[in-house]
Structure formats: C-alpha cells, structure tokens
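K.L.:
Just so it is clear, I am handing over protein_30.txt, which has compact mmCIF, C-alpha atoms.
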```
# COMPACT_ATOMS: atom_id res chain seq x y z
CA MET A 931 7.68 34.69 -25.96
CA ALA A 932 6.79 34.84 -29.65
CA ASP A 933 7.45 31.12 -29.99
CA LEU A 934 5.19 30.32 -27.05
CA ILE A 935 2.36 32.45 -28.42
CA ARG A 936 2.70 31.00 -31.90
CA MET A 937 2.57 27.45 -30.53
CA SER A 938 -0.68 28.10 -28.68
CA ARG A 939 -2.78 29.48 -31.53
CA PRO A 940 -3.31 26.45 -33.79
CA TRP A 941 -4.46 24.34 -30.87
CA LEU A 942 -7.75 26.20 -30.88
CA LEU A 943 -8.58 24.64 -34.21
CA SER A 944 -8.49 21.13 -32.80
CA PRO A 945 -11.30 19.65 -30.69
CA LEU A 946 -11.10 19.58 -26.92
CA GLN A 947 -9.90 16.30 -25.53
CA SER A 948 -12.35 14.50 -23.30
CA ARG A 949 -12.54 15.51 -19.69
CA ALA A 950 -14.25 13.51 -16.99
CA PRO A 951 -14.52 13.13 -13.23
CA SER A 952 -13.16 10.10 -11.46
CA PRO A 953 -14.04 7.10 -13.68
CA ILE A 954 -15.62 5.17 -10.81
CA LEU A 955 -18.01 8.08 -10.21
CA SER A 956 -18.89 8.62 -13.85
CA SER A 957 -19.52 4.93 -14.52
CA PHE A 958 -21.53 4.64 -11.31
CA TYR A 959 -23.88 7.47 -12.16
CA ARG A 960 -24.30 6.31 -15.75
CA GLY A 961 -25.52 3.06 -14.24
CA ILE A 962 -28.18 4.63 -12.01
CA SER A 963 -29.57 7.25 -14.35
CA THR A 964 -30.77 7.18 -17.93
CA THR A 965 -31.69 10.85 -17.98
CA THR A 966 -30.09 12.74 -20.86
CA VAL A 967 -27.55 15.18 -19.47
CA ARG A 968 -28.47 18.72 -20.41
CA PRO A 969 -26.10 21.34 -19.03
CA TYR A 970 -27.85 23.68 -16.64
CA ALA A 971 -31.23 22.34 -17.68
CA SER A 972 -34.06 24.18 -15.94
CA LYS A 973 -37.02 22.34 -14.46
CA ALA A 974 -40.43 23.83 -15.11
CA ARG A 975 -42.16 21.80 -12.34
CA GLY A 976 -45.48 22.38 -14.13
CA ILE A 977 -45.47 26.14 -13.59
CA ARG A 978 -46.36 28.34 -16.55
CA ARG A 979 -43.85 31.13 -16.99
CA THR A 980 -44.58 34.56 -18.33
CA ARG A 981 -42.75 35.85 -21.36
CA SER A 982 -40.71 38.20 -19.19
CA SER A 983 -39.54 35.39 -16.91
CA GLN A 984 -38.66 33.24 -19.92
CA SER A 985 -36.71 36.12 -21.41
CA LYS A 986 -34.90 36.70 -18.14
CA SER A 987 -34.10 32.98 -17.83
CA THR A 988 -32.83 32.86 -21.40
CA GLY A 989 -30.71 35.94 -20.85
CA SER A 990 -29.30 34.51 -17.61
CA LYS A 991 -28.38 31.25 -19.33
CA LYS A 992 -26.80 33.11 -22.20
CA ASN A 993 -24.71 35.24 -19.85
CA GLU A 994 -23.67 32.16 -17.91
CA MET A 995 -22.65 30.32 -21.07
CA MET A 996 -20.72 33.37 -22.31
CA GLN A 997 -18.88 33.53 -19.00
CA ILE A 998 -17.99 29.84 -19.25
CA GLU A 999 -16.80 30.31 -22.82
CA ALA A 1000 -14.68 33.32 -21.83
CA ASN A 1001 -13.02 31.29 -19.06
CA MET A 1002 -12.71 28.11 -21.10
CA THR A 1003 -9.41 26.33 -20.87
CA MET A 1004 -8.05 23.67 -23.19
CA LEU A 1005 -5.49 20.98 -22.80
CA LEU A 1006 -2.09 22.41 -23.63
CA PRO A 1007 -0.56 21.04 -26.84
CA ASN A 1008 1.64 17.94 -26.77
CA THR A 1009 0.55 16.91 -23.27
CA LEU A 1010 1.85 13.37 -22.81
CA VAL A 1011 0.71 10.70 -20.38
CA ALA A 1012 3.36 8.21 -21.34
CA PRO A 1013 2.87 4.47 -20.80
CA PRO A 1014 5.50 2.59 -18.76
CA VAL A 1015 8.43 1.31 -20.79
CA TRP A 1016 7.13 -2.26 -20.72
CA ARG A 1017 4.04 -1.10 -22.62
CA TYR A 1018 6.00 0.68 -25.35
CA PRO A 1019 5.58 -0.76 -28.87
CA ARG A 1020 7.41 -4.05 -29.33
CA GLN A 1021 8.86 -3.11 -32.70
CA PRO A 1022 12.41 -1.74 -32.15
CA ARG A 1023 11.92 1.31 -34.39
CA LYS A 1024 8.66 2.31 -32.72
CA PHE A 1025 10.11 1.59 -29.27
CA VAL A 1026 13.03 3.95 -29.86
CA HIS A 1027 10.76 6.58 -31.43
CA MET A 1028 8.36 6.45 -28.45
CA LEU A 1029 11.29 6.89 -26.11
CA TRP A 1030 12.44 9.89 -28.14
CA LEU A 1031 8.92 11.39 -28.11
CA HIS A 1032 8.86 11.04 -24.33
CA ILE A 1033 12.26 12.70 -23.94
CA ARG A 1034 11.28 15.42 -26.41
CA ALA A 1035 8.10 16.21 -24.49
CA ARG A 1036 10.10 16.62 -21.28
CA LEU A 1037 12.68 18.84 -22.98
CA GLU A 1038 9.91 21.02 -24.45
CA SER A 1039 8.32 21.40 -21.02
CA LEU A 1040 11.66 22.30 -19.45
CA TRP A 1041 12.37 24.83 -22.21
CA THR A 1042 9.03 26.61 -21.97
CA VAL A 1043 9.08 26.77 -18.16
CA THR A 1044 12.67 28.06 -18.21
CA SER A 1045 11.76 30.64 -20.86
CA VAL A 1046 8.90 32.00 -18.76
CA LYS A 1047 11.17 32.15 -15.71
CA ILE A 1048 13.68 34.22 -17.68
CA LEU A 1049 10.94 36.51 -19.00
CA SER A 1050 9.65 37.02 -15.45
CA GLN A 1051 12.95 38.45 -14.23
CA PRO A 1052 12.65 42.20 -13.57
CA THR A 1053 16.21 42.57 -14.81
CA MET A 1054 17.07 39.93 -17.38
CA LEU A 1055 19.59 37.32 -16.20
CA ILE A 1056 20.36 39.28 -13.02
CA SER A 1057 17.34 39.32 -10.71
CA ARG A 1058 15.42 36.34 -9.41
CA PRO A 1059 12.50 35.15 -11.57
CA ARG A 1060 9.05 36.03 -10.29
CA PHE A 1061 7.44 32.99 -11.90
CA LYS A 1062 7.54 29.72 -9.99
CA PHE A 1063 5.90 26.54 -11.27
CA HIS A 1064 5.76 24.91 -7.81
CA LYS A 1065 6.15 21.38 -9.20
CA SER A 1066 6.56 19.94 -5.72
CA ALA A 1067 3.06 21.15 -4.80
CA ALA A 1068 1.37 19.59 -7.85
CA ILE A 1069 1.05 16.04 -6.47
CA PRO A 1070 -0.35 16.87 -2.99
CA THR A 1071 -2.64 19.48 -4.55
CA ALA A 1072 -3.99 17.03 -7.14
CA LYS A 1073 -4.56 14.40 -4.44
CA ALA A 1074 -6.49 16.86 -2.28
CA LEU A 1075 -8.57 18.15 -5.21
CA HIS A 1076 -9.29 14.59 -6.34
CA ILE A 1077 -10.73 13.74 -2.92
CA GLN A 1078 -12.74 16.97 -2.78
CA MET A 1079 -14.16 16.44 -6.26
CA SER A 1080 -15.09 12.81 -5.65
CA GLU A 1081 -16.77 13.53 -2.31
CA ALA A 1082 -18.61 16.55 -3.74
CA MET A 1083 -19.86 14.49 -6.69
CA ALA A 1084 -21.12 11.79 -4.35
CA ILE A 1085 -23.12 14.14 -2.10
CA GLY A 1086 -24.12 16.56 -4.87
CA ASP A 1087 -22.17 19.56 -3.53
CA LYS A 1088 -22.14 21.79 -6.62
CA GLU A 1089 -20.67 24.80 -4.83
CA THR A 1090 -17.53 22.86 -3.97
CA LEU A 1091 -17.31 21.59 -7.54
CA ARG A 1092 -17.69 25.15 -8.84
CA SER A 1093 -14.75 26.29 -6.70
CA ILE A 1094 -12.30 23.51 -7.61
CA CYS A 1095 -13.15 22.65 -11.24
CA THR A 1096 -12.75 24.56 -14.48
CA PRO A 1097 -16.06 26.10 -15.62
CA GLU A 1098 -16.71 23.62 -18.41
CA LEU A 1099 -15.95 20.61 -16.19
CA PHE A 1100 -18.28 22.03 -13.55
CA GLN A 1101 -20.97 22.39 -16.22
CA THR A 1102 -20.71 18.67 -16.99
CA LEU A 1103 -20.62 17.55 -13.36
CA GLY A 1104 -23.44 19.88 -12.33
CA ALA A 1105 -25.66 18.49 -15.08
CA THR A 1106 -24.80 14.94 -13.96
CA ILE A 1107 -25.88 15.77 -10.41
CA ASP A 1108 -29.13 17.31 -11.66
CA SER A 1109 -29.94 14.15 -13.62
CA ARG A 1110 -29.82 11.81 -10.62
CA PRO A 1111 -32.94 9.98 -9.45
CA LYS A 1112 -34.72 11.73 -6.60
CA GLY A 1113 -34.71 10.18 -3.13
CA THR A 1114 -31.22 8.69 -3.33
CA HIS A 1115 -27.77 9.77 -2.27
CA ALA A 1116 -24.31 8.32 -2.63
CA GLU A 1117 -21.24 7.87 -0.46
CA TRP A 1118 -17.67 7.83 -1.76
CA GLU A 1119 -14.61 6.69 0.15
CA LEU A 1120 -10.92 6.59 -0.65
CA VAL A 1121 -10.01 3.22 0.83
CA ARG A 1122 -6.28 3.58 0.25
CA TYR A 1123 -3.66 4.66 -2.23
CA ASP A 1124 -2.35 1.77 -4.29
CA ARG A 1125 0.93 0.75 -5.96
CA ARG A 1126 2.89 3.24 -3.86
CA LEU A 1127 6.18 2.30 -5.50
CA PHE A 1128 5.03 3.92 -8.76
CA PHE A 1129 2.22 6.30 -7.74
CA PRO A 1130 1.40 9.08 -7.31
CA ARG A 1131 3.69 10.65 -9.88
CA LEU A 1132 3.90 13.77 -11.99
CA ALA A 1133 3.19 12.47 -15.50
CA ASP A 1134 3.46 15.80 -17.34
CA TRP A 1135 3.93 19.50 -16.62
CA ARG A 1136 4.08 22.46 -18.95
CA ILE A 1137 3.12 26.09 -19.49
CA GLY A 1138 1.60 27.77 -22.54
CA TYR A 1139 -0.63 30.53 -23.88
CA GLN A 1140 -4.27 30.41 -24.92
CA PRO A 1141 -6.13 33.11 -26.88
CA LEU A 1142 -9.07 34.96 -25.34
CA ARG A 1143 -12.22 36.17 -27.08
CA ASP A 1144 -10.95 39.76 -27.07
CA GLY A 1145 -7.78 38.77 -28.94
CA ASP A 1146 -5.56 38.87 -25.85
CA MET A 1147 -3.63 35.87 -24.54
CA LYS A 1148 -3.73 34.15 -21.17
CA MET A 1149 -0.93 32.11 -19.65
CA ILE A 1150 -1.76 28.66 -18.29
CA LYS A 1151 0.38 26.29 -16.29
CA GLN A 1152 -0.69 22.67 -16.28
CA ALA A 1153 0.24 19.46 -14.51
CA VAL A 1154 -0.92 15.88 -14.99
CA VAL A 1155 -0.74 13.77 -11.83
CA SER A 1156 -1.17 10.00 -12.00
CA ILE A 1157 -2.85 8.47 -8.95
CA ALA A 1158 -3.50 4.79 -8.21
CA SER A 1159 -6.06 4.09 -5.52
CA VAL A 1160 -8.76 1.79 -4.22
CA GLN A 1161 -12.14 3.54 -4.07
CA ARG A 1162 -15.52 2.54 -2.68
CA ILE A 1163 -18.87 4.04 -3.63
CA ALA A 1164 -22.37 3.05 -2.58
CA ARG A 1165 -25.90 4.34 -3.13
CA TYR A 1166 -28.58 4.79 -0.46
CA ASP A 1167 -32.39 5.06 -0.59
CA ASP A 1168 -33.61 8.08 1.40
CA THR A 1169 -37.23 6.89 1.17
CA LYS A 1170 -36.27 3.84 3.22
CA GLY A 1171 -34.45 5.61 6.01
CA GLY A 1172 -31.16 5.83 4.16
CA ALA A 1173 -30.81 2.07 3.69
CA LYS A 1174 -28.07 0.94 1.34
CA ILE A 1175 -29.44 -0.13 -2.02
CA GLU A 1176 -28.68 -3.77 -2.56
CA GLY A 1177 -25.93 -4.37 -5.11
CA SER A 1178 -25.00 -0.68 -5.34
CA GLU A 1179 -21.71 -0.84 -3.48
CA ARG A 1180 -18.61 -1.06 -5.64
CA VAL A 1181 -14.93 -1.25 -4.77
CA ARG A 1182 -12.47 -0.67 -7.56
CA HIS A 1183 -8.76 -0.34 -8.13
CA MET A 1184 -8.33 2.85 -10.18
CA THR A 1185 -5.46 4.51 -12.03
CA GLU A 1186 -6.35 8.09 -12.94
CA HIS A 1187 -4.38 10.78 -14.73
CA ILE A 1188 -5.73 14.03 -13.31
CA VAL A 1189 -5.16 17.30 -15.17
CA ILE A 1190 -4.95 20.44 -13.06
CA GLN A 1191 -4.50 23.94 -14.45
CA SER A 1192 -3.77 27.39 -13.08
CA ALA A 1193 -3.92 30.79 -14.74
CA VAL A 1194 -0.75 32.87 -14.47
CA ASP A 1195 -0.87 36.67 -14.40
CA ARG A 1196 1.30 37.92 -17.27
CA THR A 1197 2.32 41.04 -15.34
CA THR A 1198 2.99 39.79 -11.81
CA TYR A 1199 3.47 36.10 -12.72
CA GLU A 1200 1.34 35.15 -9.72
CA SER A 1201 -0.65 31.93 -10.14
CA SER A 1202 -4.32 31.42 -9.38
CA PRO A 1203 -5.35 28.36 -7.33
CA TRP A 1204 -5.11 25.03 -9.15
CA ARG A 1205 -8.37 23.72 -10.61
CA ILE A 1206 -9.22 20.30 -12.00
CA TRP A 1207 -9.53 20.31 -15.80
CA GLY A 1208 -10.47 16.63 -16.03
CA THR A 1209 -8.81 13.26 -16.54
CA LEU A 1210 -6.88 11.76 -19.43
CA SER A 1211 -6.20 8.25 -20.56
CA GLU A 1212 -2.69 6.97 -21.09
CA ASN A 1213 -1.32 7.79 -24.55
CA THR A 1214 -0.51 5.04 -26.99
CA TYR A 1215 2.32 5.48 -29.47
CA GLU A 1216 -0.06 5.88 -32.41
CA GLU A 1217 -2.33 8.35 -30.58
CA TYR A 1218 0.45 10.62 -29.45
CA LEU A 1219 2.23 10.52 -32.79
CA SER A 1220 -1.02 11.48 -34.54
CA GLU A 1221 -1.61 14.35 -32.07
CA ARG A 1222 1.87 15.75 -32.64
CA GLU A 1223 1.59 15.46 -36.42
CA ASN A 1224 -1.78 17.21 -36.41
CA PHE A 1225 -0.50 19.99 -34.18
CA GLU A 1226 2.64 20.52 -36.26
CA ALA A 1227 0.55 20.65 -39.46
CA LEU A 1228 -1.77 23.20 -37.89
CA ALA A 1229 1.18 25.23 -36.60
CA ALA A 1230 2.78 25.24 -40.06
CA ASN A 1231 -0.51 26.28 -41.64
CA GLN A 1232 -1.00 29.07 -39.10
CA THR A 1233 2.56 30.29 -39.59
CA GLY A 1234 2.03 30.40 -43.35
CA LYS A 1235 -0.94 32.74 -42.88
CA MET A 1236 1.05 35.27 -40.86
```
Spell out the structure here as structure tokens.
P.N.:
Amino acid sequence: MADLIRMSRPWLLSPLQSRAPSPILSSFYRGISTTTVRPYASKARGIRRTRSSQSKSTGSKKNEMMQIEANMTMLLPNTLVAPPVWRYPRQPRKFVHMLWLHIRARLESLWTVTSVKILSQPTMLISRPRFKFHKSAAIPTAKALHIQMSEAMAIGDKETLRSICTPELFQTLGATIDSRPKGTHAEWELVRYDRRLFFPRLADWRIGYQPLRDGDMKMIKQAVVSIASVQRIARYDDTKGGAKIEGSERVRHMTEHIVIQSAVDRTTYESSPWRIWGTLSENTYEEYLSERENFEALAANQTGKM
C-alpha cells in the first residue's frame, strides 16, 4: 500500500498527457471550424447583463471548474502502448531494452493489481478478495463507449458525453461542439472493425493512487484498449433540407488506443462505471524511456523530501 501511494505522488508534478476524442472526429471538426475553443464559453447574444447576473455566472463557472478539478484524473504512471515487435528499434541493444521495458511494465501491472487484491481480502490470505479488475470486460466496454462517444460527438449530444467521459475530456468535447458552425450537423458511422487478427486488444492495464485536493487519495483502475476500425463521417447543411455538403464525407482506416478509467472505493473495493479518459499514441522507445526516467527522478526526489 505504501509503495503504491508513494508511486502516485510524483506524477502530479508532470504535465497531463494529451487526451482526445476519436482522431477522425477531431480532425473533421478542426476542418470545419476556425472558432477558438473556449471551455464552457458563454454566449452573450447581444443581451446586456446586470452585475448580479454576471456575478452569478462567474460563480457558477468557478464552481463548475472547481468540481472538474476535484474530479480530475490523470494518466497512471508508466502506462505503455507498446509498438509491435517489428517496429522495435533496429539496434540490438535498444531492441532488447524495449522488450525488457515491455515485460517490466506488464510485471508492474500484475504486481500492483495482485497487491490490491490481497489488501482487499477481509482476512488476509484466507478470504476471497473483494477487488476485481474485470479485465475481460475492458475490451467490450471500450468498444461500446467508443461508439457512444463518436456518435454523441457527431450529433452534439453533450449529456451522453458528460455521462461517459471524464470531466476534463467532456470539457474539451463540449467546447468543440459549441464552436461548430450553426445550421450544420454531422453523421458518424462505424463501417466495420478492421485487422481482426490483431485488434481489438488490451494494450495496458494497471491500478494506482492519485491525490485529492483535501490530501486524501483515490484509487483508479485503468485500461488501454487498442481498436482498429473503418469509420465514416459526413456533414449536412440543415438550411438546405439536410443535404450532404459536397466533399464532406470521409472514410478512414483508424487505429486508436482508448484509455478508460474507473474509480475504486477504498473501503468496499467496488468500481464505478468505466469512463473514457481519452486516446494515446503508440509509444516509441525514446518516448517511453524518457517518461520512465522522468518519473523515477521525480519519485526519488519526492522520497528524499519525506
């Protein structure tokens, strides 16, 4: 337990890794809108507001942002989306080291999950553990959430996004929806899953602790699911009877590494529903090595201050 808590603390000092919706959606909307994304930007619509309404609006935004910050989740340290072996470094030393880093990441995940299972036993080493990671459910859950998120982004369903995404990802997606041109709507379709021999697959899974604002700790379980698919998206003009906008339809072969997270109650070890944290790119040898070195340096520095 102490080791898990100690490992989580330094990660707060490093920046959040990028999170994004499905790449085909994000690239599509960047192409149709040049509006600067401002999270939860309010629209005045030419109406003069009184000082009291402005104060109330400011207070509401502040409370909303504080709630998002309190529920903020970060990528767990040493998360690895490993490339296939044929894309490992060609140099023999780096090839072997990358293989070792991959094996080490899996052993670390197995150790932390096993440790939490042991800690969750009412009677140590005798009773059944209360904590269950439910690895087998990670892939079908990620596939279902991926479809829900992509469809909700296309039609602008912010309530669905709020229910299936982490607060900070919802903030980004909600602002993207608000920045769309008026009088248009989009349609997204999952044409088929692709490269079924290799995908979908569980690229990474782990559990860890993250500090809260009040000094307490929260337990997070995380899975990264890699999905290969063919997706279609098109844009329609509502001012012309919903006619498809010429040249707007795109069909792409996508490989996405979707991060889902779930909070775990530290008393009952029950898990909350999985939510989408975002997507990650595949790690290169140099990137992952740098991440590990930075984390280990931060961990050593934090340990020295205790």
K.L.:
Considering only C-alpha atoms, return as a PyMOL selection string whatever protein or nucleic-acid residues lie within 12 Å of Thr1044 (chain A), sequence-local ones (same chain, fewer than 6 positions apart) excluded.
P.N.:
chain A and resi 931+934+1037-1038+1050-1051+1055+1059-1063+1136-1138
K.L.:
Skipping near chain neighbours, those fewer than 2 positions away, what residues fall within 10 Å of Ile1150 (chain A) using all atoms listed in the file, listed as number ranges by chain?
P.N.:
A: 1003-1006, 1136-1140, 1147-1148, 1152, 1191-1196, 1201-1202
K.L.:
Which residues are close to region 1160-1164 of chain A, i.e. within 6 Å by only C-alpha atoms, leaving aside same-chain residues fewer than 3 positions away? Reply as a list of chain:residue names.
P.N.:
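Contacts, in chain order: A:Ala1116, A:Glu1117, A:Trp1118, A:Glu1119, A:Leu1120, A:Val1121, A:Arg1122, A:Ser1178, A:Glu1179, A:Arg1180, A:Val1181, A:Arg1182, A:His1183.
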K.L.:
Using all atoms listed in the file, find each residue of region 1147-1215 of chain A with at least one atom at most 10 Å away from an atom of region 1107-1113 of chain A; report its shortest atom-to-atom pair and that distance in Å (one decimal), sort the rows by chain and rising residue number, and return the result as CSV.
P.N.:
```
residue,atom,partner,partner_atom,distance
A:Tyr1166,CA,A:Gly1113,CA,8.6
A:Asp1167,CA,A:Gly1113,CA,6.2
A:Asp1168,CA,A:Gly1113,CA,5.1
A:Thr1169,CA,A:Gly1113,CA,6.0
A:Lys1170,CA,A:Gly1113,CA,9.1
A:Gly1172,CA,A:Gly1113,CA,9.2
```
K.L.:
Give me the residues near Glu1217 (chain A) as a list of chain:residue names, where near means some atom within 12 Å (using only C-alpha atoms) and where sequence neighbours in that chain fewer than 6 positions away do not count.
P.N.:
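Final neighbour list, sorted by chain and number: A:Asn1008, A:Thr1009, A:Leu1010, A:Val1011, A:Ala1012, A:Pro1013, A:Met1028, A:Leu1031, A:Ser1211, A:Glu1223, A:Asn1224.
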K.L.:
Could you give me, as a list in words, the residues within 12 Å of Tyr1123 (chain A), counting all atoms listed in the file and dropping anything in the same chain fewer than 3 positions from it?
P.N.:
Lys1073, Ile1077, Glu1119, Leu1120, Arg1126, Leu1127, Phe1128, Phe1129, Pro1130, Ser1156, Ile1157, Ala1158, Ser1159, Val1160, Gln1161, Arg1182, His1183, Met1184, Thr1185 and Glu1186 of chain A
K.L.:
Just to be explicit: take each residue in the selection above, keep C-alpha atoms, and write the result as an mmCIF file, in the frame of the given file.
P.N.:
```
data_model
loop_
_atom_site.group_PDB
_atom_site.id
_atom_site.type_symbol
_atom_site.label_atom_id
_atom_site.label_comp_id
_atom_site.auth_asym_id
_atom_site.auth_seq_id
_atom_site.Cartn_x
_atom_site.Cartn_y
_atom_site.Cartn_z
ATOM 1 C CA LYS A 1073 -4.560 14.400 -4.440
ATOM 2 C CA ILE A 1077 -10.730 13.740 -2.920
ATOM 3 C CA GLU A 1119 -14.610 6.690 0.150
ATOM 4 C CA LEU A 1120 -10.920 6.590 -0.650
ATOM 5 C CA ARG A 1126 2.890 3.240 -3.860
ATOM 6 C CA LEU A 1127 6.180 2.300 -5.500
ATOM 7 C CA PHE A 1128 5.030 3.920 -8.760
ATOM 8 C CA PHE A 1129 2.220 6.300 -7.740
ATOM 9 C CA PRO A 1130 1.400 9.080 -7.310
ATOM 10 C CA SER A 1156 -1.170 10.000 -12.000
ATOM 11 C CA ILE A 1157 -2.850 8.470 -8.950
ATOM 12 C CA ALA A 1158 -3.500 4.790 -8.210
ATOM 13 C CA SER A 1159 -6.060 4.090 -5.520
ATOM 14 C CA VAL A 1160 -8.760 1.790 -4.220
ATOM 15 C CA GLN A 1161 -12.140 3.540 -4.070
ATOM 16 C CA ARG A 1182 -12.470 -0.670 -7.560
ATOM 17 C CA HIS A 1183 -8.760 -0.340 -8.130
ATOM 18 C CA MET A 1184 -8.330 2.850 -10.180
ATOM 19 C CA THR A 1185 -5.460 4.510 -12.030
ATOM 20 C CA GLU A 1186 -6.350 8.090 -12.940
#
```
K.L.:
Taking only C-alpha atoms into account, which of A:Trp1041, A:Phe1025, A:Trp1030, A:Phe1100 comes nearest Gly1208 (chain A)?
P.N.:
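Using only C-alpha atoms, Gly1208 (chain A) sits closest to A:Phe1100.
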K.L.:
What does the distance from CA of Leu1099 (chain A) to CA of Ser1080 (chain A) come to in Å, to one decimal?
P.N.:
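Separation of CA of Leu1099 (chain A) and CA of Ser1080 (chain A): 13.1 Å.
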K.L.:
Can you measure CA of Ala1084 (chain A) to CA of His1115 (chain A) for me? One decimal in Å is fine.
P.N.:
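Between CA of Ala1084 (chain A) and CA of His1115 (chain A) the gap is 7.3 Å.
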K.L.:
Can you tell me how far CA of Trp1016 (chain A) sits from CA of Thr1209 (chain A), in Å to one decimal?
P.N.:
22.6 Å
